[in-house]
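> Dumping the structure here so I can ask a few things about it.
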Amino acid sequence: MSFDIQYLLWLQQLRVATGGIFDELFNALSKFAVDILPFLPFVVFWGVDKRWGYIFLTNQWVGEVMNGFIKLTVCAYRPWIRSDLIEPAGDSKVAATGYSFPSGHTTVATIMYGTTFVWQKDKRRWLAVTCAVLLLLTGFSRNFLGVHTPQDVAVGFLASSIMIAIVLTVSRKVEGNEKVVDILTLVGILATILVLIYIQVKPYPMEFIADGALLVDPQKMMNDTFKGCGAFMGFLIGSYVERHYIHYEIPVGAKNLPMMVCAGAALALAWKELFAPATIVLIFGGHWGNFIARCMMTLFAVWFWPIMIQKECKEVA
């Protein structure tokens, strides 16, 4: 038996021995990382620091596309598929999306907490330290819950950390040079198209179980990557429009700015969790429905809502 499975079995025994009292805590940490934290870049962009908002958004969507590309290239099975002895906590066997390597939750957590750490380490050390602790706990939670191996978590963390460093370096070098930023935007659009082509034409493991069903359906595994590509495409197009035509500036001091930021985040969350699945995804299906829905969400974030904030704050002022 491989070391990674042995480690997960040891954590599983610990889970059972403690009566599962930590399951909900670690599950909450994981859910917070992927369900709530992804809206932090919108809040930063709209109402705190536009430059860092762009850095957050770039890290977020480059990271998600990168994670999906690696997952669909490696096609590593989840721990409970590799070993019948693994029993993940909760409904993970049904709810888990995507292949196992690298961990998507760890990738998102590293991007959100890691970017915040870099941003705030010299301003609010308590916040940077808190982010570092939450990142470590989120990564560990994926092992503790039995849904990812140690290498899934480690590579998710390392790949995202390297990506953050690259984005920060590039952003400093191209700041103020709109021509280069436009070229990078075009490169991002072409790269996203190539990723979409790649994940649809590449071969996947096609192992069947006794009743003739696929052990792992690659079509289901693609959904998260379509979401990431759609969000990144919307961000790239929306950012071009914002930089050239909207020129959004945070209306610092406007009394209703906090309300507009909160309203925008609520609308984006409602679209992602409720309205998109009931409309666009239902009409166009899991792949292209998710692509279009996430594209619309990021267009809303960097194009439409900044216009509404400027209009509303100007009228009130």
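All residue names refer to the structure tokens as shown: chains lettered A, B, ... in order, residues numbered from 1 in each chain, ligands numbered from 1 in order.
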Any chance you could tabulate, as CSV, the residues of stretch 46-127 of chain A at most 12 Å from stretch 18-24 of chain A with each one's nearest atom pair and distance in Å to one decimal, using only C-alpha atoms, in chain and rising number order?


```
residue,atom,partner,partner_atom,distance
A:Pro88,CA,A:Asp23,CA,10.2
A:Ala89,CA,A:Asp23,CA,7.0
A:Gly90,CA,A:Asp23,CA,8.2
A:Asp91,CA,A:Asp23,CA,11.7
A:Ser92,CA,A:Asp23,CA,12.0
```

> Extract, using only C-alpha atoms, all DNA, RNA and protein residues at most 9 Å from stretch 36-44 of chain A, discarding same-chain residues fewer than 6 positions from it, and format them as a list of chain:residue names.

A:Lys50, A:Arg51, A:Trp52, A:Gly53, A:Tyr54, A:Ile55, A:Phe56, A:Leu57, A:Gln60, A:Val108, A:Ala109, A:Met112, A:Tyr113, A:Val261, A:Cys262, A:Gly264, A:Ala265, A:Ala268, A:Leu269, A:Thr298, A:Ala301, A:Val302

> Excluding A:Ile86 and any residue of its chain fewer than 2 positions from it, enumerate the residues within 12 Å of it, using only C-alpha atoms, and give them as a VMD selection string.

chain A and resid 4 to 13 15 78 to 84 88 to 89 92 to 93 143 to 149

> Any idea what the distance is between atom CA of A:Ile189 and atom CA of A:Phe232?

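Interatomic distance, atom CA of A:Ile189 to atom CA of A:Phe232: 8.2 Å.
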
> Residues within 12 Å of stretch 125-135 of chain A, please, as a ChimeraX atom specification. Count only C-alpha atoms; anything in the same chain fewer than 6 positions from it doesn't count.

/A:25-26,28-30,32-33,37,105-119,141-142,153-154,156-157,161

> Nearest to A:Ala293 among A:Phe226, A:Tyr77, A:Phe3, A:Phe69, with distances taken over only C-alpha atoms: which residue is it?

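Selected residue with least distance to A:Ala293: A:Phe226.
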
> Just checking: using only C-alpha atoms, which residue out of A:Lys311, A:Lys202, A:Lys272, A:Lys255 ends up closest to A:Leu72?

A:Lys202

> Mind the document's chain letters and residue numbers, and return as a ChimeraX atom specification the residues of stretch 54-251 of chain A that DSSP labels helix (DSSP H, G or I).

/A:54-74,79-82,92-95,104-120,125-144,150-174,178-201,218-221,223-246

> Can you tell me how far atom CA of A:Ile162 sits from atom CA of A:Phe101, in Å to one decimal?

16.7 Å

> Quick one: residues within 7 Å of stretch 227-230 of chain A, only C-alpha atoms counted, chain neighbours fewer than 3 positions away excluded, as a JSON list (two decimals) with N, CA and C atoms, in the first residue's frame?


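Generated file (result-v3.json):
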```
[["chain", "number", "residue", "atom", "x", "y", "z"],
["A", 61, "TRP", "N", -8.50, 33.51, -11.87],
["A", 61, "TRP", "CA", -8.95, 32.80, -13.07],
["A", 61, "TRP", "C", -7.81, 32.11, -13.81],
["A", 64, "GLU", "N", -7.55, 28.90, -11.80],
["A", 64, "GLU", "CA", -8.59, 27.90, -12.05],
["A", 64, "GLU", "C", -8.38, 27.20, -13.39],
["A", 65, "VAL", "N", -7.99, 27.97, -14.41],
["A", 65, "VAL", "CA", -7.71, 27.34, -15.71],
["A", 65, "VAL", "C", -6.50, 26.42, -15.59],
["A", 192, "THR", "N", -6.97, 30.38, -23.58],
["A", 192, "THR", "CA", -8.22, 29.80, -23.09],
["A", 192, "THR", "C", -8.89, 28.96, -24.17],
["A", 223, "ASN", "N", -16.40, 19.74, -16.28],
["A", 223, "ASN", "CA", -17.28, 20.86, -15.96],
["A", 223, "ASN", "C", -16.56, 22.01, -15.27],
["A", 224, "ASP", "N", -15.74, 21.70, -14.27],
["A", 224, "ASP", "CA", -15.05, 22.76, -13.53],
["A", 224, "ASP", "C", -14.11, 23.56, -14.43],
["A", 233, "MET", "N", -12.40, 34.04, -19.61],
["A", 233, "MET", "CA", -12.74, 34.72, -20.86],
["A", 233, "MET", "C", -13.54, 35.99, -20.58],
["A", 234, "GLY", "N", -14.52, 35.91, -19.69],
["A", 234, "GLY", "CA", -15.31, 37.08, -19.33],
["A", 234, "GLY", "C", -14.45, 38.16, -18.69],
["A", 290, "ASN", "N", -22.15, 26.25, -18.24],
["A", 290, "ASN", "CA", -21.27, 26.76, -17.18],
["A", 290, "ASN", "C", -20.29, 27.78, -17.73],
["A", 291, "PHE", "N", -19.80, 27.53, -18.94],
["A", 291, "PHE", "CA", -18.87, 28.48, -19.56],
["A", 291, "PHE", "C", -19.54, 29.84, -19.73],
["A", 292, "ILE", "N", -20.73, 29.86, -20.31],
["A", 292, "ILE", "CA", -21.44, 31.11, -20.56],
["A", 292, "ILE", "C", -21.82, 31.79, -19.25],
["A", 294, "ARG", "N", -20.44, 31.59, -16.22],
["A", 294, "ARG", "CA", -19.30, 32.19, -15.54],
["A", 294, "ARG", "C", -18.74, 33.38, -16.31],
["A", 295, "CYS", "N", -18.79, 33.31, -17.63],
["A", 295, "CYS", "CA", -18.37, 34.44, -18.45],
["A", 295, "CYS", "C", -19.24, 35.66, -18.14]]
```

> Could you jot down the atom CA of A:Val195 to atom CA of A:Lys71 separation for me, Å, one decimal place?

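Straight-line distance from atom CA of A:Val195 to atom CA of A:Lys71 works out to 12.1 Å.
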
> From the options A:Met259, A:Leu85, A:Ala17, A:Ile164, which residue's atoms come nearest to A:Val62, counting only C-alpha atoms?

A:Ile164

> Restricting the calculation to only C-alpha atoms: of A:Tyr204, A:Phe235, A:Ser2, A:Ile283, which residue gets closest to A:Asp217?

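Smallest separation from A:Asp217 among the options: A:Tyr204.
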
> For each of A:Glu87, A:Ser171, A:Val48, A:Thr225, take the minimum atom-to-atom distance to A:Val16, counting only C-alpha atoms, then give the residue where this is smallest.

A:Glu87

> So that I can check the surroundings of A:Pro102, please list as a short mmCIF file (atom, residue, chain, number, x, y, z; two decimals) with all heavy atoms, in the first residue's frame every protein, DNA and RNA residue that reaches within 6 Å of it, counting only C-alpha atoms and ignoring chain neighbours fewer than 2 positions away.


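Done, and the output landed in selection-v2.cif:
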```cif
data_model
loop_
_atom_site.label_atom_id
_atom_site.label_comp_id
_atom_site.auth_asym_id
_atom_site.auth_seq_id
_atom_site.Cartn_x
_atom_site.Cartn_y
_atom_site.Cartn_z
N SER A 100 -8.53 14.16 -9.18
CA SER A 100 -7.99 14.42 -7.84
C SER A 100 -6.78 15.35 -7.81
O SER A 100 -6.62 16.11 -6.86
CB SER A 100 -7.62 13.09 -7.18
OG SER A 100 -7.30 13.26 -5.83
N ASP A 152 -1.75 15.80 -3.83
CA ASP A 152 -2.77 16.67 -4.44
C ASP A 152 -2.72 18.06 -3.82
O ASP A 152 -2.77 19.08 -4.52
CB ASP A 152 -4.17 16.09 -4.21
CG ASP A 152 -4.41 14.78 -4.92
OD1 ASP A 152 -3.65 14.44 -5.83
OD2 ASP A 152 -5.38 14.08 -4.53
N VAL A 155 0.90 19.96 -4.48
CA VAL A 155 1.05 20.52 -5.83
C VAL A 155 0.06 21.66 -6.04
O VAL A 155 0.39 22.66 -6.70
CB VAL A 155 0.87 19.42 -6.89
CG1 VAL A 155 0.83 20.01 -8.30
CG2 VAL A 155 2.01 18.40 -6.79
N GLY A 156 -1.15 21.55 -5.49
CA GLY A 156 -2.10 22.66 -5.59
C GLY A 156 -1.53 23.92 -4.97
O GLY A 156 -1.65 25.02 -5.52
#
```
